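Enquirer: Contents are TSV, C-alpha atoms and all ligand atoms; file name start-v3.tsv:
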```tsv
chain	number	residue	atom	x	y	z
A	1	MET	CA	50.33	16.63	-7.18
A	2	SER	CA	51.93	17.15	-10.61
A	3	PRO	CA	52.07	20.54	-12.39
A	4	ALA	CA	49.09	19.33	-14.45
A	5	ALA	CA	47.12	18.66	-11.26
A	6	VAL	CA	47.93	22.16	-9.98
A	7	ARG	CA	46.74	23.67	-13.28
A	8	ALA	CA	43.56	21.58	-13.07
A	9	GLY	CA	42.94	22.75	-9.52
A	10	ASN	CA	43.40	26.40	-10.48
A	11	LEU	CA	40.98	26.04	-13.41
A	12	ILE	CA	38.37	24.33	-11.22
A	13	ARG	CA	38.74	27.12	-8.67
A	14	GLU	CA	37.97	29.68	-11.41
A	15	TRP	CA	34.84	27.70	-12.35
A	16	MET	CA	33.80	27.56	-8.68
A	17	GLU	CA	34.13	31.36	-8.39
A	18	ASP	CA	32.25	31.78	-11.66
A	19	ALA	CA	29.41	29.74	-10.09
A	20	GLY	CA	29.32	32.17	-7.17
A	21	LEU	CA	31.14	30.04	-4.58
A	22	ARG	CA	33.66	31.04	-1.92
A	23	THR	CA	36.81	29.04	-2.70
A	24	TRP	CA	39.98	27.85	-1.02
A	25	VAL	CA	42.64	25.16	-1.41
A	26	ASP	CA	43.47	23.08	1.67
A	27	SER	CA	46.86	21.72	2.74
A	28	LEU	CA	46.42	18.49	0.82
A	29	GLY	CA	45.58	20.27	-2.44
A	30	ASN	CA	41.79	19.70	-2.31
A	31	VAL	CA	39.95	22.60	-3.99
A	32	HIS	CA	36.81	23.73	-2.09
A	33	GLY	CA	33.88	25.90	-3.25
A	34	ARG	CA	31.12	26.74	-0.75
A	35	VAL	CA	27.92	28.73	-0.50
A	36	GLU	CA	26.33	29.21	2.93
A	37	GLY	CA	22.69	29.59	1.85
A	38	ARG	CA	20.05	30.89	4.27
A	39	ASN	CA	21.33	29.01	7.31
A	40	ALA	CA	25.13	28.94	7.60
A	41	SER	CA	24.97	26.90	10.80
A	42	ALA	CA	22.97	24.05	9.23
A	43	GLU	CA	24.68	20.77	8.34
A	44	ALA	CA	26.26	21.13	4.91
A	45	LEU	CA	25.70	19.04	1.81
A	46	LEU	CA	29.10	18.04	0.43
A	47	MET	CA	29.39	17.13	-3.24
A	48	GLY	CA	32.29	16.54	-5.62
A	49	SER	CA	34.75	14.01	-6.97
A	50	HIS	CA	38.46	13.82	-7.77
A	51	LEU	CA	40.51	16.09	-10.02
A	52	ASP	CA	43.37	13.64	-10.49
A	53	THR	CA	43.48	10.85	-13.09
A	54	VAL	CA	45.38	7.66	-13.85
A	55	VAL	CA	48.18	7.73	-16.44
A	56	ASP	CA	46.92	7.91	-20.06
A	57	ALA	CA	43.41	8.56	-18.74
A	58	GLY	CA	40.12	9.68	-20.20
A	59	LYS	CA	38.70	13.12	-19.47
A	60	PHE	CA	35.49	12.22	-17.60
A	61	ASP	CA	36.68	10.04	-14.67
A	62	GLY	CA	36.43	12.37	-11.66
A	63	SER	CA	36.08	15.64	-13.56
A	64	LEU	CA	32.50	14.97	-14.68
A	65	GLY	CA	31.44	14.74	-11.02
A	66	ILE	CA	32.96	18.17	-10.35
A	67	ILE	CA	31.75	19.94	-13.48
A	68	SER	CA	28.13	18.70	-13.43
A	69	VAL	CA	27.74	19.95	-9.84
A	70	LEU	CA	29.34	23.31	-10.65
A	71	ALA	CA	27.06	23.65	-13.70
A	72	ALA	CA	23.99	23.07	-11.49
A	73	LEU	CA	25.17	25.61	-8.92
A	74	LYS	CA	25.90	28.12	-11.68
A	75	VAL	CA	22.29	27.79	-12.87
A	76	LEU	CA	21.08	28.52	-9.33
A	77	ASN	CA	23.49	31.47	-9.14
A	78	ILE	CA	22.21	32.90	-12.43
A	79	ASN	CA	18.63	32.47	-11.21
A	80	GLY	CA	19.48	34.22	-7.94
A	81	LYS	CA	18.58	31.12	-5.92
A	82	LEU	CA	22.04	30.23	-4.58
A	83	GLY	CA	21.55	32.36	-1.47
A	84	GLU	CA	18.13	30.73	-0.88
A	85	LEU	CA	19.45	27.22	-0.22
A	86	SER	CA	18.28	25.86	3.11
A	87	ARG	CA	21.74	24.64	4.05
A	88	PRO	CA	25.38	25.25	3.06
A	89	VAL	CA	26.49	23.42	-0.07
A	90	GLU	CA	30.18	22.69	-0.59
A	91	VAL	CA	31.85	21.25	-3.67
A	92	ILE	CA	35.21	19.55	-3.14
A	93	ALA	CA	37.57	18.61	-5.98
A	94	PHE	CA	39.72	15.98	-4.26
A	95	SER	CA	43.44	16.08	-4.98
A	96	ASP	CA	44.42	12.41	-5.17
A	97	GLU	CA	41.81	9.64	-5.42
A	98	GLU	CA	43.49	7.28	-7.88
A	99	GLY	CA	46.55	6.65	-5.75
A	100	VAL	CA	48.69	6.18	-8.87
A	101	ARG	CA	51.75	8.08	-7.64
A	102	PHE	CA	51.83	7.05	-3.99
A	103	GLN	CA	49.77	3.85	-4.18
A	104	SER	CA	47.70	4.95	-1.18
A	105	THR	CA	44.44	6.06	-2.69
A	106	PHE	CA	41.78	8.56	-1.48
A	107	LEU	CA	44.46	10.90	-0.04
A	108	GLY	CA	42.39	14.11	-0.33
A	109	SER	CA	39.03	12.67	0.72
A	110	ALA	CA	40.54	10.57	3.52
A	111	ALA	CA	41.98	13.76	5.05
A	112	VAL	CA	38.56	15.48	4.94
A	113	ALA	CA	36.94	12.35	6.42
A	114	GLY	CA	39.59	12.26	9.16
A	115	ILE	CA	40.89	8.76	8.34
A	116	LEU	CA	44.26	9.69	6.80
A	117	PRO	CA	47.01	8.80	9.31
A	118	VAL	CA	49.73	11.45	9.79
A	119	SER	CA	52.21	8.74	8.78
A	120	ALA	CA	50.82	9.11	5.24
A	121	LEU	CA	52.83	12.31	4.83
A	122	LYS	CA	55.98	10.17	4.73
A	123	ILE	CA	54.71	7.79	1.99
A	124	THR	CA	57.09	8.00	-0.96
A	125	ASP	CA	56.65	7.65	-4.72
A	126	LYS	CA	58.97	5.68	-7.00
A	127	SER	CA	61.58	8.46	-6.85
A	128	ASP	CA	61.46	8.47	-3.05
A	129	VAL	CA	59.64	11.83	-2.95
A	130	THR	CA	57.31	11.99	0.07
A	131	ILE	CA	53.77	13.33	-0.10
A	132	GLN	CA	54.90	16.19	2.16
A	133	ASP	CA	57.75	17.10	-0.23
A	134	ALA	CA	55.49	16.81	-3.30
A	135	LEU	CA	53.07	19.27	-1.72
A	136	LYS	CA	55.93	21.57	-0.71
A	137	LYS	CA	56.96	21.68	-4.39
A	138	ASN	CA	53.45	23.04	-5.04
A	139	SER	CA	54.00	25.64	-2.26
A	140	ILE	CA	51.66	23.77	0.07
A	141	GLU	CA	53.08	23.39	3.58
A	142	ILE	CA	51.50	20.37	5.21
A	143	THR	CA	52.32	19.42	8.77
A	144	GLU	CA	50.88	16.83	11.15
A	145	GLU	CA	48.97	19.66	12.84
A	146	ASN	CA	47.34	21.14	9.76
A	147	LEU	CA	46.64	17.68	8.34
A	148	LEU	CA	44.56	16.90	11.44
A	149	GLN	CA	42.73	20.24	11.00
A	150	LEU	CA	41.45	19.07	7.59
A	151	LYS	CA	39.03	16.65	9.25
A	152	TYR	CA	35.41	17.84	9.04
A	153	ASP	CA	33.20	17.65	12.14
A	154	PRO	CA	30.56	14.98	11.38
A	155	LYS	CA	27.99	17.21	13.09
A	156	SER	CA	28.61	19.92	10.46
A	157	VAL	CA	27.85	17.64	7.50
A	158	TRP	CA	24.40	16.49	6.25
A	159	GLY	CA	25.68	14.06	3.61
A	160	TYR	CA	27.92	13.55	0.59
A	161	VAL	CA	26.75	13.06	-3.01
A	162	GLU	CA	29.04	12.09	-5.88
A	163	ILE	CA	28.32	11.86	-9.58
A	164	HIS	CA	30.69	9.62	-11.51
A	165	ILE	CA	30.87	7.81	-14.83
A	166	GLU	CA	29.82	4.17	-14.51
A	167	GLN	CA	33.11	2.85	-15.91
A	168	GLY	CA	31.16	-0.26	-16.85
A	169	PRO	CA	28.87	-1.40	-19.71
A	170	VAL	CA	25.52	-1.87	-17.92
A	171	LEU	CA	23.85	1.53	-18.53
A	172	GLU	CA	24.71	1.40	-22.22
A	173	TRP	CA	23.34	-2.16	-22.29
A	174	VAL	CA	20.04	-1.29	-20.60
A	175	GLY	CA	19.79	2.00	-22.55
A	176	TYR	CA	19.52	4.35	-19.56
A	177	PRO	CA	21.67	7.50	-19.02
A	178	LEU	CA	21.87	7.48	-15.22
A	179	ALA	CA	21.84	4.98	-12.34
A	180	VAL	CA	21.74	5.14	-8.57
A	181	VAL	CA	24.70	3.40	-6.90
A	182	LYS	CA	23.77	0.78	-4.30
A	183	GLY	CA	27.30	0.32	-2.96
A	184	ILE	CA	31.01	0.25	-3.71
A	185	ALA	CA	33.22	-2.85	-3.67
A	186	GLY	CA	35.94	-3.13	-1.03
A	187	GLN	CA	39.53	-3.15	-2.24
A	188	THR	CA	43.02	-4.26	-1.27
A	189	ARG	CA	46.26	-3.12	-2.90
A	190	LEU	CA	49.45	-5.14	-2.39
A	191	LYS	CA	53.02	-4.65	-3.57
A	192	VAL	CA	54.85	-7.98	-3.99
A	193	THR	CA	58.66	-8.12	-4.17
A	194	MET	CA	60.52	-11.30	-5.17
A	195	ARG	CA	64.30	-11.55	-4.86
A	196	GLY	CA	66.39	-14.35	-6.44
A	197	SER	CA	69.91	-14.98	-7.77
A	198	GLN	CA	70.86	-12.47	-10.44
A	199	GLY	CA	72.97	-14.14	-13.13
A	200	HIS	CA	74.18	-14.56	-16.66
A	201	ALA	CA	71.43	-15.57	-19.07
A	202	GLY	CA	73.84	-17.76	-21.03
A	203	THR	CA	75.75	-19.65	-18.37
A	204	VAL	CA	73.46	-20.54	-15.46
A	205	PRO	CA	71.81	-23.95	-16.05
A	206	MET	CA	68.01	-23.90	-15.74
A	207	SER	CA	68.14	-26.36	-12.83
A	208	MET	CA	70.37	-24.03	-10.83
A	209	ARG	CA	68.34	-20.85	-11.23
A	210	HIS	CA	66.43	-18.94	-8.54
A	211	ASP	CA	64.58	-16.75	-10.99
A	212	PRO	CA	62.18	-14.15	-9.49
A	213	MET	CA	60.67	-13.42	-12.93
A	214	ALA	CA	59.49	-17.01	-13.41
A	215	SER	CA	58.30	-17.04	-9.77
A	216	ALA	CA	56.33	-13.84	-10.34
A	217	ALA	CA	54.82	-15.27	-13.51
A	218	GLU	CA	53.69	-18.42	-11.67
A	219	ALA	CA	52.24	-16.33	-8.82
A	220	ILE	CA	50.38	-14.00	-11.22
A	221	VAL	CA	48.80	-16.88	-13.12
A	222	LEU	CA	47.85	-18.46	-9.78
A	223	LEU	CA	46.22	-15.17	-8.71
A	224	GLU	CA	44.18	-15.15	-11.91
A	225	SER	CA	42.93	-18.72	-11.32
A	226	LEU	CA	42.19	-17.98	-7.65
A	227	CYS	CA	40.10	-14.94	-8.63
A	228	LYS	CA	38.36	-16.68	-11.54
A	229	HIS	CA	37.46	-19.78	-9.49
A	230	PRO	CA	37.72	-18.96	-5.76
A	231	GLN	CA	35.53	-21.97	-4.94
A	232	ASP	CA	38.36	-24.23	-6.17
A	233	PHE	CA	40.78	-22.72	-3.68
A	234	LEU	CA	38.87	-21.54	-0.63
A	235	SER	CA	37.66	-24.21	1.77
A	236	PHE	CA	34.23	-22.83	2.59
A	237	ASP	CA	32.45	-25.00	5.14
A	238	GLY	CA	29.18	-23.10	4.75
A	239	HIS	CA	29.02	-22.70	8.53
A	240	CYS	CA	31.02	-19.53	8.86
A	241	LYS	CA	28.50	-16.90	7.87
A	242	SER	CA	31.36	-14.44	7.37
A	243	PHE	CA	31.24	-14.59	3.58
A	244	SER	CA	29.19	-16.18	0.87
A	245	MET	CA	30.90	-17.90	-2.06
A	246	GLU	CA	28.11	-16.52	-4.25
A	247	SER	CA	28.74	-12.83	-3.47
A	248	LEU	CA	32.49	-13.43	-3.59
A	249	SER	CA	32.69	-15.24	-6.90
A	250	THR	CA	30.27	-12.87	-8.67
A	251	SER	CA	32.11	-9.71	-7.62
A	252	LEU	CA	35.77	-10.76	-7.15
A	253	VAL	CA	38.23	-9.10	-9.55
A	254	CYS	CA	42.05	-9.04	-9.35
A	255	THR	CA	44.56	-7.13	-11.45
A	256	VAL	CA	48.32	-7.00	-11.73
A	257	GLY	CA	48.72	-3.59	-13.35
A	258	GLU	CA	52.37	-2.86	-12.70
A	259	ILE	CA	55.50	-5.03	-12.84
A	260	SER	CA	59.12	-3.97	-12.69
A	261	THR	CA	62.39	-5.90	-12.65
A	262	TRP	CA	66.02	-5.31	-11.83
A	263	PRO	CA	68.32	-4.92	-13.67
A	264	SER	CA	65.87	-5.28	-16.58
A	265	ALA	CA	68.41	-6.43	-19.18
A	266	SER	CA	67.60	-9.08	-21.77
A	267	ASN	CA	70.74	-11.16	-21.05
A	268	VAL	CA	70.52	-11.04	-17.25
A	269	ILE	CA	68.51	-13.35	-14.99
A	270	PRO	CA	66.74	-10.75	-12.84
A	271	GLY	CA	67.75	-10.24	-9.24
A	272	GLN	CA	64.43	-8.70	-8.23
A	273	VAL	CA	60.88	-8.44	-9.55
A	274	THR	CA	58.15	-6.23	-8.04
A	275	PHE	CA	54.49	-6.27	-9.00
A	276	THR	CA	51.24	-4.74	-7.76
A	277	VAL	CA	48.01	-6.57	-6.88
A	278	ASP	CA	44.63	-4.79	-6.98
A	279	LEU	CA	41.90	-7.02	-5.50
A	280	ARG	CA	38.23	-6.09	-5.15
A	281	THR	CA	34.90	-7.62	-4.12
A	282	ILE	CA	31.75	-6.49	-2.32
A	283	ASP	CA	32.42	-9.24	0.24
A	284	ASP	CA	34.97	-7.94	2.79
A	285	MET	CA	35.50	-11.24	4.59
A	286	GLY	CA	35.82	-12.97	1.22
A	287	ARG	CA	38.46	-10.44	0.20
A	288	GLU	CA	40.44	-11.19	3.36
A	289	ALA	CA	40.17	-14.92	2.65
A	290	VAL	CA	41.44	-14.45	-0.92
A	291	VAL	CA	44.37	-12.27	0.22
A	292	TYR	CA	45.26	-14.89	2.85
A	293	GLU	CA	45.03	-17.77	0.36
A	294	PHE	CA	47.06	-15.92	-2.28
A	295	SER	CA	49.77	-15.03	0.24
A	296	ASN	CA	50.09	-18.62	1.46
A	297	ARG	CA	50.29	-20.08	-2.02
A	298	MET	CA	52.73	-17.40	-3.15
A	299	TYR	CA	55.10	-18.16	-0.27
A	300	GLN	CA	54.90	-21.85	-1.28
A	301	ILE	CA	55.92	-20.91	-4.84
A	302	CYS	CA	58.86	-18.88	-3.51
A	303	ASP	CA	59.96	-21.68	-1.16
A	304	LYS	CA	59.83	-24.18	-4.02
A	305	ARG	CA	62.00	-21.89	-6.14
A	306	SER	CA	64.29	-20.68	-3.31
A	307	VAL	CA	63.25	-17.10	-4.04
A	308	SER	CA	62.48	-14.66	-1.21
A	309	CYS	CA	59.08	-12.97	-1.23
A	310	THR	CA	57.72	-9.97	0.66
A	311	ILE	CA	54.18	-8.61	0.54
A	312	ASP	CA	53.63	-4.94	1.35
A	313	HIS	CA	50.00	-4.14	2.21
A	314	LYS	CA	49.58	-0.71	0.57
A	315	HIS	CA	45.85	-0.08	0.99
A	316	ASP	CA	42.62	-1.59	2.28
A	317	ALA	CA	39.11	-0.16	2.06
A	318	ASP	CA	35.98	-2.04	3.14
A	319	ALA	CA	32.96	-2.16	0.88
A	320	VAL	CA	30.45	0.68	1.33
A	321	ILE	CA	26.66	0.54	1.10
A	322	CYS	CA	25.14	3.90	0.04
A	323	ASP	CA	22.49	5.52	2.25
A	324	SER	CA	19.06	4.30	1.14
A	325	GLU	CA	17.23	7.55	1.88
A	326	LEU	CA	19.81	9.64	0.04
A	327	SER	CA	19.66	7.14	-2.83
A	328	SER	CA	15.89	7.40	-3.13
A	329	LYS	CA	16.16	11.23	-3.19
A	330	LEU	CA	18.74	10.89	-5.98
A	331	LYS	CA	16.40	8.51	-7.81
A	332	SER	CA	13.53	11.05	-7.63
A	333	ALA	CA	15.86	13.82	-8.78
A	334	THR	CA	16.88	11.65	-11.74
A	335	TYR	CA	13.25	11.33	-12.83
A	336	ILE	CA	12.77	15.11	-12.55
A	337	GLY	CA	15.99	15.82	-14.44
A	338	LEU	CA	15.21	13.39	-17.26
A	339	LYS	CA	11.62	14.67	-17.53
A	340	ARG	CA	13.00	18.20	-17.92
A	341	MET	CA	15.22	16.94	-20.69
A	342	THR	CA	12.74	14.83	-22.63
A	343	GLY	CA	9.56	16.71	-21.73
A	344	ALA	CA	7.92	13.34	-21.01
A	345	ALA	CA	7.48	11.37	-17.78
A	346	ILE	CA	10.04	8.58	-17.49
A	347	GLU	CA	8.40	5.14	-17.41
A	348	ASP	CA	11.45	2.97	-16.81
A	349	GLU	CA	12.78	2.37	-13.32
A	350	VAL	CA	16.13	4.08	-12.67
A	351	PRO	CA	18.74	1.27	-12.58
A	352	VAL	CA	20.54	0.56	-9.29
A	353	LEU	CA	24.15	-0.67	-9.69
A	354	MET	CA	27.07	-1.82	-7.55
A	355	SER	CA	30.39	-0.10	-8.21
A	356	GLY	CA	33.52	-2.17	-8.81
A	357	ALA	CA	35.50	1.05	-9.06
A	358	GLY	CA	36.51	2.89	-5.93
A	359	HIS	CA	35.35	6.45	-5.27
A	360	ASP	CA	35.96	9.26	-2.81
A	361	ALA	CA	32.55	8.36	-1.41
A	362	MET	CA	34.26	5.32	0.21
A	363	ALA	CA	36.39	7.66	2.30
A	364	LEU	CA	33.55	10.13	2.97
A	365	SER	CA	31.38	7.24	4.24
A	366	HIS	CA	33.55	7.38	7.39
A	367	LEU	CA	32.34	10.97	7.93
A	368	THR	CA	28.70	11.02	6.75
A	369	LYS	CA	26.00	9.22	4.75
A	370	VAL	CA	26.86	8.94	1.07
A	371	GLY	CA	24.92	8.64	-2.19
A	372	MET	CA	26.14	8.32	-5.77
A	373	LEU	CA	24.79	8.68	-9.28
A	374	PHE	CA	26.40	6.89	-12.22
A	375	VAL	CA	26.49	8.32	-15.74
A	376	ARG	CA	26.53	6.08	-18.82
A	377	CYS	CA	29.87	5.98	-20.66
A	378	ARG	CA	30.57	4.55	-24.10
A	379	GLY	CA	31.37	0.85	-24.00
A	380	GLY	CA	31.95	1.16	-20.28
A	381	ILE	CA	35.50	2.13	-21.15
A	382	SER	CA	37.48	4.07	-18.54
A	383	HIS	CA	41.10	4.58	-17.43
A	384	SER	CA	41.75	5.03	-21.17
A	385	PRO	CA	41.78	7.93	-23.66
A	386	GLU	CA	38.79	6.13	-25.28
A	387	GLU	CA	36.61	7.13	-22.30
A	388	HIS	CA	33.60	9.07	-23.59
A	389	VAL	CA	30.21	10.36	-22.39
A	390	LEU	CA	27.47	11.56	-24.78
A	391	ASP	CA	26.69	15.29	-24.46
A	392	ASP	CA	23.07	14.45	-23.62
A	393	ASP	CA	24.23	12.19	-20.77
A	394	VAL	CA	26.46	14.95	-19.41
A	395	TRP	CA	23.40	17.22	-19.61
A	396	ALA	CA	21.24	14.59	-17.85
A	397	SER	CA	23.75	14.36	-14.99
A	398	GLY	CA	23.70	18.15	-14.52
A	399	LEU	CA	19.89	18.31	-14.60
A	400	ALA	CA	19.62	15.43	-12.11
A	401	ILE	CA	21.93	17.09	-9.61
A	402	LEU	CA	20.20	20.45	-10.17
A	403	ALA	CA	16.87	18.77	-9.38
A	404	PHE	CA	18.40	17.15	-6.30
A	405	ILE	CA	19.68	20.48	-4.96
A	406	GLU	CA	16.44	22.31	-5.81
A	407	THR	CA	14.21	19.68	-4.18
A	408	GLN	CA	16.40	18.78	-1.19
A	409	MET	CA	18.25	21.94	-0.29
A	501	LIG	N1	40.86	4.21	-5.23
A	501	LIG	C1	40.39	3.74	-6.35
A	501	LIG	O1	39.72	2.74	-6.36
A	501	LIG	N2	40.69	4.44	-7.46
A	501	LIG	C2	40.00	4.27	-8.68
A	501	LIG	N3	38.71	4.97	-8.63
A	501	LIG	C3	39.84	2.82	-8.99
A	501	LIG	O2	38.72	2.32	-8.99
A	501	LIG	O3	40.84	2.17	-9.24
A	502	MN	MN	39.67	6.24	-11.84
A	503	MN	MN	37.13	7.96	-10.49
```
What do you get writing this file as structure tokens?

Expert:
Amino acid sequence: MSPAAVRAGNLIREWMEDAGLRTWVDSLGNVHGRVEGRNASAEALLMGSHLDTVVDAGKFDGSLGIISVLAALKVLNINGKLGELSRPVEVIAFSDEEGVRFQSTFLGSAAVAGILPVSALKITDKSDVTIQDALKKNSIEITEENLLQLKYDPKSVWGYVEIHIEQGPVLEWVGYPLAVVKGIAGQTRLKVTMRGSQGHAGTVPMSMRHDPMASAAEAIVLLESLCKHPQDFLSFDGHCKSFSMESLSTSLVCTVGEISTWPSASNVIPGQVTFTVDLRTIDDMGREAVVYEFSNRMYQICDKRSVSCTIDHKHDADAVICDSELSSKLKSATYIGLKRMTGAAIEDEVPVLMSGAGHDAMALSHLTKVGMLFVRCRGGISHSPEEHVLDDDVWASGLAILAFIETQM
């Protein structure tokens, strides 16, 4: 919802119009482009990704999924086929997927899916600006009423397809430009606040300190060990079929990406330390068990150090399995697209990957069936200015989605 995001949305809207779509911006800042095709009352195919980025980001995360779809629709428009589609096709550039500013991710797509609570409008950023106020600054008036009107009727939607960079190293490693996504890991975001006794760095004896910085450090290192070796921490009796240690330990990742302290002066023992926890795994019950174990052990650390701890649960999203039929259609379209590119039939099987990254498809899965295609990116690097996709792989993603629309719509 920054000025840069508004500029990005306006530019995307111009591209949508250039591709022959009817466009509008909804009250959460999502940019929509739609063509009705031959049968305006048929269930619509939704496609798209997010227009926002993390701080110091690359230029493909999110945007590639919007641009490759618009490029495919522009081809159909140029060939006069856009009006021949058997069902409406709508591209949505979602306004806030990363959740960097407000820590509650999937804002735009959750509203379209009808799972964004009206209370979200009051979520504040670090400067205490609410989502509602941030939108108002962009001349978007959002109210509880018009937020609820953003929800799409499930009966009006056929499915959702998202193209996204892999943000991992597998496709580069196997030497394939595209992959079908089997599913998306579930995720939990926490905000931990530790409060101790602020004091003079030179006069308070070590034995008399209640130092939230040292407590946070101990908790963060514990979190790393817990996520590297969950089997050493979680008592798993093998009877509860709720989660498997195998699926948990192979997919569990945890990150402390942000930490802040008050008063943040080199000669002051901090009074307060706050840090974020980002925890993901394909095993939802396992994720709950890890969050529970971490919380318990963190409170023990704080008790031992006479530091007060609070945990604020900022976000939870269960793992999503992509629709198998939609995925097989995307796989066939990938073969067609790559054959168009290389002129030769593709022998190798299209890879099928799990996604550790979250995507708007997680939110849309509450509205309709979802399918995703991954695009190879250099070194698997993402959430960094080093993020890069080869031109030919961008081309492959556009041809694959063009083939999908031509063969399925
Ligand atoms: N909500 C999210 O998960 N946002 C990013 N796509 C992420 O993977 O962190
Ligand atoms: Mn991202
Ligand atoms: Mn993304």

Enquirer: Which residue, A:Lys136, A:His50, A:Lys331, A:His313, has the smallest gap to Leu64 (chain A) when you use only C-alpha atoms?

Expert: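 For Leu64 (chain A), the nearest of the given residues is A:His50.
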
Enquirer: Each residue of chain A with at least one atom at most 7 Å from ligand LIG 501 (chain A) should appear once, together with its nearest atom pair and the corresponding distance in Å (one decimal); atoms considered: all atoms listed in the file; ordering: chain, then increasing residue number; output as CSV.

Expert:
```
residue,atom,partner,partner_atom,distance
A:Glu97,CA,A:LIG501,N1,5.5
A:Glu98,CA,A:LIG501,N2,4.0
A:Gly99,CA,A:LIG501,N1,6.2
A:Thr105,CA,A:LIG501,N1,4.8
A:Phe106,CA,A:LIG501,N1,5.8
A:Gly356,CA,A:LIG501,O2,6.9
A:Ala357,CA,A:LIG501,O2,3.5
A:Gly358,CA,A:LIG501,O1,3.2
A:His359,CA,A:LIG501,N3,5.0
```

Enquirer: Restricting the calculation to only C-alpha atoms and all ligand atoms, which member of A:Trp158, A:Phe404, A:Tyr152, A:Phe60 is positioned closest to ligand MN 503 (chain A)?

Expert: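 Under the stated criterion, the closest residue is A:Phe60.
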
Enquirer: As a quick test: using all atoms listed in the file, which residues lie no more than 12 Å away from ligand MN 502 (chain A)? Give them as a PDB file with C-alpha atoms, in the frame of the given file.

Expert:
```pdb
ATOM      1  CA  SER A  49      34.750  14.010  -6.970  1.00  0.00           C
ATOM      2  CA  HIS A  50      38.460  13.820  -7.770  1.00  0.00           C
ATOM      3  CA  LEU A  51      40.510  16.090 -10.020  1.00  0.00           C
ATOM      4  CA  ASP A  52      43.370  13.640 -10.490  1.00  0.00           C
ATOM      5  CA  THR A  53      43.480  10.850 -13.090  1.00  0.00           C
ATOM      6  CA  VAL A  54      45.380   7.660 -13.850  1.00  0.00           C
ATOM      7  CA  VAL A  55      48.180   7.730 -16.440  1.00  0.00           C
ATOM      8  CA  ASP A  56      46.920   7.910 -20.060  1.00  0.00           C
ATOM      9  CA  ALA A  57      43.410   8.560 -18.740  1.00  0.00           C
ATOM     10  CA  GLY A  58      40.120   9.680 -20.200  1.00  0.00           C
ATOM     11  CA  LYS A  59      38.700  13.120 -19.470  1.00  0.00           C
ATOM     12  CA  PHE A  60      35.490  12.220 -17.600  1.00  0.00           C
ATOM     13  CA  ASP A  61      36.680  10.040 -14.670  1.00  0.00           C
ATOM     14  CA  GLY A  62      36.430  12.370 -11.660  1.00  0.00           C
ATOM     15  CA  SER A  63      36.080  15.640 -13.560  1.00  0.00           C
ATOM     16  CA  LEU A  64      32.500  14.970 -14.680  1.00  0.00           C
ATOM     17  CA  GLY A  65      31.440  14.740 -11.020  1.00  0.00           C
ATOM     18  CA  ASP A  96      44.420  12.410  -5.170  1.00  0.00           C
ATOM     19  CA  GLU A  97      41.810   9.640  -5.420  1.00  0.00           C
ATOM     20  CA  GLU A  98      43.490   7.280  -7.880  1.00  0.00           C
ATOM     21  CA  GLY A  99      46.550   6.650  -5.750  1.00  0.00           C
ATOM     22  CA  VAL A 100      48.690   6.180  -8.870  1.00  0.00           C
ATOM     23  CA  THR A 105      44.440   6.060  -2.690  1.00  0.00           C
ATOM     24  CA  PHE A 106      41.780   8.560  -1.480  1.00  0.00           C
ATOM     25  CA  HIS A 164      30.690   9.620 -11.510  1.00  0.00           C
ATOM     26  CA  ILE A 165      30.870   7.810 -14.830  1.00  0.00           C
ATOM     27  CA  GLU A 166      29.820   4.170 -14.510  1.00  0.00           C
ATOM     28  CA  GLN A 167      33.110   2.850 -15.910  1.00  0.00           C
ATOM     29  CA  GLY A 168      31.160  -0.260 -16.850  1.00  0.00           C
ATOM     30  CA  SER A 355      30.390  -0.100  -8.210  1.00  0.00           C
ATOM     31  CA  GLY A 356      33.520  -2.170  -8.810  1.00  0.00           C
ATOM     32  CA  ALA A 357      35.500   1.050  -9.060  1.00  0.00           C
ATOM     33  CA  GLY A 358      36.510   2.890  -5.930  1.00  0.00           C
ATOM     34  CA  HIS A 359      35.350   6.450  -5.270  1.00  0.00           C
ATOM     35  CA  ASP A 360      35.960   9.260  -2.810  1.00  0.00           C
ATOM     36  CA  ILE A 381      35.500   2.130 -21.150  1.00  0.00           C
ATOM     37  CA  SER A 382      37.480   4.070 -18.540  1.00  0.00           C
ATOM     38  CA  HIS A 383      41.100   4.580 -17.430  1.00  0.00           C
ATOM     39  CA  SER A 384      41.750   5.030 -21.170  1.00  0.00           C
ATOM     40  CA  GLU A 387      36.610   7.130 -22.300  1.00  0.00           C
TER      41      GLU A 387
END
```

Enquirer: Would you mind listing what lies within 8 Å of Met213 (chain A) as a PDB file with C-alpha atoms, in the coordinates of the input, with only C-alpha atoms counted and same-chain residues fewer than 5 positions away left out?

Expert:
```pdb
ATOM      1  CA  THR A 261      62.390  -5.900 -12.650  1.00  0.00           C
ATOM      2  CA  PRO A 270      66.740 -10.750 -12.840  1.00  0.00           C
ATOM      3  CA  GLN A 272      64.430  -8.700  -8.230  1.00  0.00           C
ATOM      4  CA  VAL A 273      60.880  -8.440  -9.550  1.00  0.00           C
TER       5      VAL A 273
END
```

Enquirer: Go ahead and compute the interatomic distance for CA of Gly83 (chain A) and CA of Arg38 (chain A), in Å to one decimal.

Expert: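 Rounded to one decimal, the two atoms are 6.1 Å apart.
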
Enquirer: Using all atoms listed in the file, which residue out of A:Leu46, A:Ile78, A:Leu147, A:Ala93 lies closest to ligand MN 503 (chain A)?

Expert: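 Smallest separation from ligand MN 503 (chain A) among the options: A:Ala93.
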